[in-house]
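Visitor: For reference, the file model.pdb (PDB, C-alpha atoms) is included below:
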```
ATOM      1  CA  MET M   1     104.627 114.923 108.270
ATOM      2  CA  ARG M   2     102.988 111.606 109.035
ATOM      3  CA  ALA M   3      99.819 112.892 107.375
ATOM      4  CA  ALA M   4     101.714 113.254 104.082
ATOM      5  CA  ARG M   5     101.261 109.510 103.645
ATOM      6  CA  CYS M   6      97.506 110.043 103.607
ATOM      7  CA  THR M   7      95.902 110.135 100.168
ATOM      8  CA  VAL M   8      92.288 109.405 101.096
ATOM      9  CA  PRO M   9      89.899 112.384 101.332
ATOM     10  CA  SER M  10      87.862 110.771 104.133
ATOM     11  CA  VAL M  11      91.001 110.570 106.297
ATOM     12  CA  VAL M  12      91.926 114.165 105.453
ATOM     13  CA  ALA M  13      88.470 115.170 106.636
ATOM     14  CA  GLY M  14      89.380 113.694 110.025
ATOM     15  CA  ILE M  15      92.321 116.075 110.465
ATOM     16  CA  PRO M  16      91.260 118.971 112.723
ATOM     17  CA  ALA M  17      90.452 121.969 110.513
ATOM     18  CA  ASP M  18      92.828 124.376 112.256
ATOM     19  CA  ARG M  19      95.811 122.027 112.258
ATOM     20  CA  PRO M  20      96.927 122.298 108.594
ATOM     21  CA  ALA M  21      97.169 126.109 108.734
ATOM     22  CA  ASP M  22      99.122 125.976 112.011
ATOM     23  CA  GLU M  23     101.504 123.346 110.666
ATOM     24  CA  LEU M  24     101.979 125.207 107.375
ATOM     25  CA  ALA M  25     102.940 128.373 109.254
ATOM     26  CA  LYS M  26     105.553 126.427 111.233
ATOM     27  CA  LEU M  27     106.921 124.750 108.102
ATOM     28  CA  LYS M  28     107.186 128.035 106.226
ATOM     29  CA  ALA M  29     109.058 129.603 109.144
ATOM     30  CA  LEU M  30     111.418 126.621 109.210
ATOM     31  CA  ARG M  31     112.238 127.032 105.518
ATOM     32  CA  GLU M  32     114.644 129.922 106.143
ATOM     33  CA  LYS M  33     116.637 127.843 108.631
ATOM     34  CA  LEU M  34     117.118 124.764 106.472
ATOM     35  CA  ASP M  35     120.068 123.785 104.369
ATOM     36  CA  ASP M  36     119.315 124.565 100.727
ATOM     37  CA  ARG M  37     119.447 120.857  99.950
ATOM     38  CA  ALA M  38     116.476 120.185 102.241
ATOM     39  CA  VAL M  39     114.241 122.805 100.649
ATOM     40  CA  PRO M  40     112.791 120.565  97.878
ATOM     41  CA  TRP M  41     111.496 118.130 100.513
ATOM     42  CA  LEU M  42     110.060 120.946 102.626
ATOM     43  CA  ASP M  43     108.435 122.521  99.565
ATOM     44  CA  ALA M  44     106.813 119.172  98.734
ATOM     45  CA  LEU M  45     105.531 118.922 102.283
ATOM     46  CA  ILE M  46     104.164 122.474 102.079
ATOM     47  CA  ARG M  47     102.369 121.628  98.817
ATOM     48  CA  TYR M  48     100.745 118.644 100.512
ATOM     49  CA  GLY M  49      99.758 120.737 103.528
ATOM     50  CA  THR M  50      98.325 123.402 101.264
ATOM     51  CA  ALA M  51      96.123 120.791  99.564
ATOM     52  CA  VAL M  52      94.838 119.641 102.960
ATOM     53  CA  ASN M  53      94.338 123.229 104.099
ATOM     54  CA  ASN M  54      92.399 124.076 100.928
ATOM     55  CA  TRP M  55      90.200 121.046 101.543
ATOM     56  CA  HIS M  56      89.255 122.352 104.976
ATOM     57  CA  ALA M  57      88.725 125.895 103.685
ATOM     58  CA  ASN M  58      85.761 124.719 101.573
ATOM     59  CA  PRO M  59      83.660 122.215 103.534
ATOM     60  CA  ALA M  60      81.071 121.592 100.780
ATOM     61  CA  HIS M  61      82.619 118.963  98.523
ATOM     62  CA  THR M  62      81.181 117.551  95.337
ATOM     63  CA  VAL M  63      82.139 114.195  93.849
ATOM     64  CA  MET M  64      84.339 116.072  91.364
ATOM     65  CA  GLN M  65      86.069 117.983  94.160
ATOM     66  CA  ASN M  66      86.688 114.721  96.043
ATOM     67  CA  SER M  67      88.239 113.273  92.904
ATOM     68  CA  GLN M  68      90.420 116.337  92.362
ATOM     69  CA  LEU M  69      91.530 116.298  95.991
ATOM     70  CA  SER M  70      92.373 112.619  95.778
ATOM     71  CA  MET M  71      94.538 113.253  92.700
ATOM     72  CA  GLU M  72      96.221 116.243  94.352
ATOM     73  CA  LEU M  73      96.852 114.314  97.570
ATOM     74  CA  ASN M  74      98.318 111.417  95.596
ATOM     75  CA  SER M  75     100.643 113.592  93.542
ATOM     76  CA  THR M  76     101.832 115.734  96.449
ATOM     77  CA  SER M  77     102.217 112.711  98.725
ATOM     78  CA  ARG M  78     104.303 110.968  96.047
ATOM     79  CA  LEU M  79     106.449 114.080  95.763
ATOM     80  CA  VAL M  80     107.086 114.084  99.528
ATOM     81  CA  GLN M  81     107.917 110.371  99.389
ATOM     82  CA  THR M  82     110.256 110.953  96.429
ATOM     83  CA  GLU M  83     112.117 113.806  98.107
ATOM     84  CA  TRP M  84     112.552 112.079 101.486
ATOM     85  CA  PRO M  85     115.140 109.457 100.371
ATOM     86  CA  LYS M  86     117.101 112.202  98.630
ATOM     87  CA  LEU M  87     117.191 114.148 101.882
ATOM     88  CA  VAL M  88     118.264 111.077 103.843
ATOM     89  CA  ALA M  89     121.021 110.389 101.301
ATOM     90  CA  LEU M  90     122.350 113.908 101.818
ATOM     91  CA  ARG M  91     122.785 113.246 105.525
ATOM     92  CA  ASP M  92     126.104 111.530 104.839
ATOM     93  CA  THR M  93     127.181 113.854 102.042
ATOM     94  CA  PRO M  94     129.467 116.761 102.987
ATOM     95  CA  LYS M  95     127.898 120.165 102.490
ATOM     96  CA  GLU M  96     129.321 122.147  99.574
ATOM     97  CA  VAL M  97     130.998 125.481 100.175
ATOM     98  CA  GLY M  98     128.407 128.245  99.978
ATOM     99  CA  GLY M  99     125.513 126.063 101.203
ATOM    100  CA  ARG M 100     123.629 126.868 104.378
TER
END
```
Just dump the structure as structure tokens.
Guide:
Amino acid sequence: MRAARCTVPSVVAGIPADRPADELAKLKALREKLDDRAVPWLDALIRYGTAVNNWHANPAHTVMQNSQLSMELNSTSRLVQTEWPKLVALRDTPKEVGGR
């Protein structure tokens, strides 16, 4: 989750190659256990992790690919950062009937 603040391809390259796939598997398994209201944040985090995982899946990167990754990291990181305060705000909100 801390890595979701990272939007620089050179820093993403420093993440161990096997770590994103492992973390994504854990996050996807967690999805079924979360309150429905937390799912948008988790989905944003999964999108970010998928971008990092895709980066590691193809080690030969062109300037264009670096640019595309940077844009994808920025947009998915912003989405995670946007969803987090919403999730925190829900902490003090009573769960509706029918929610998980």
Visitor: What are the closest atom pairs, with distances in Å to one decimal, for each residue of stretch 51-89 of chain M lying within 9 Å of stretch 3-27 of chain M, using all atoms listed in the file, rows by chain and rising residue number, as a tab-separated table?
Guide:
```
residue	atom	partner	partner_atom	distance
M:Val52	CA	M:Pro20	CA	6.6
M:Asn53	CA	M:Pro20	CA	5.3
M:Trp55	CA	M:Ala13	CA	8.0
M:His56	CA	M:Ala17	CA	5.7
M:Ala57	CA	M:Ala17	CA	8.1
M:Asn66	CA	M:Pro9	CA	6.6
M:Ser67	CA	M:Pro9	CA	8.6
M:Leu69	CA	M:Pro9	CA	6.8
M:Ser70	CA	M:Pro9	CA	6.1
M:Met71	CA	M:Thr7	CA	8.2
M:Glu72	CA	M:Thr7	CA	8.4
M:Leu73	CA	M:Thr7	CA	5.0
M:Asn74	CA	M:Thr7	CA	5.3
M:Ser75	CA	M:Thr7	CA	8.9
M:Thr76	CA	M:Ala4	CA	8.0
M:Ser77	CA	M:Ala4	CA	5.4
M:Arg78	CA	M:Arg5	CA	8.3
M:Val80	CA	M:Ala4	CA	7.1
M:Gln81	CA	M:Arg5	CA	7.9
```
Visitor: Output C-alpha atoms for every residue in the selection just made, as a JSON list (two decimals), in the coordinates of the input.
Guide:
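selection-v8.json written:
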```json
[["chain", "number", "residue", "atom", "x", "y", "z"],
["M", 52, "VAL", "CA", 94.84, 119.64, 102.96],
["M", 53, "ASN", "CA", 94.34, 123.23, 104.10],
["M", 55, "TRP", "CA", 90.20, 121.05, 101.54],
["M", 56, "HIS", "CA", 89.26, 122.35, 104.98],
["M", 57, "ALA", "CA", 88.72, 125.90, 103.68],
["M", 66, "ASN", "CA", 86.69, 114.72, 96.04],
["M", 67, "SER", "CA", 88.24, 113.27, 92.90],
["M", 69, "LEU", "CA", 91.53, 116.30, 95.99],
["M", 70, "SER", "CA", 92.37, 112.62, 95.78],
["M", 71, "MET", "CA", 94.54, 113.25, 92.70],
["M", 72, "GLU", "CA", 96.22, 116.24, 94.35],
["M", 73, "LEU", "CA", 96.85, 114.31, 97.57],
["M", 74, "ASN", "CA", 98.32, 111.42, 95.60],
["M", 75, "SER", "CA", 100.64, 113.59, 93.54],
["M", 76, "THR", "CA", 101.83, 115.73, 96.45],
["M", 77, "SER", "CA", 102.22, 112.71, 98.72],
["M", 78, "ARG", "CA", 104.30, 110.97, 96.05],
["M", 80, "VAL", "CA", 107.09, 114.08, 99.53],
["M", 81, "GLN", "CA", 107.92, 110.37, 99.39]]
```
Visitor: As an exercise, work out the distance from atom CA of M:Pro85 to atom CA of M:Ala38 in Å and give it to one decimal place.
Guide: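 Taking atom CA of M:Pro85 as the start and atom CA of M:Ala38 as the end point, the length is 11.0 Å.
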Visitor: Atom CA of M:Met64 and atom CA of M:Gly49 are how many Å apart?
Guide: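 Result for atom CA of M:Met64 versus atom CA of M:Gly49: 20.2 Å, one decimal.
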Visitor: Any chance you could resolve the PyMOL selection byres ((chain M and resi 44) around 8) against this file and give the residues as a list in words?
Guide: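 So the PyMOL selection byres ((chain M and resi 44) around 8) ends up selecting Pro40, Trp41, Leu42, Asp43, Leu45, Ile46, Arg47, Tyr48, Thr76, Ser77, Leu79, Val80 and Glu83 of chain M.
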Visitor: Would you work out the distance separating atom CA of M:Lys33 from atom CA of M:Arg91, expressed in Å to one decimal?
Guide: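 For atom CA of M:Lys33 relative to atom CA of M:Arg91, the distance reads 16.1 Å.
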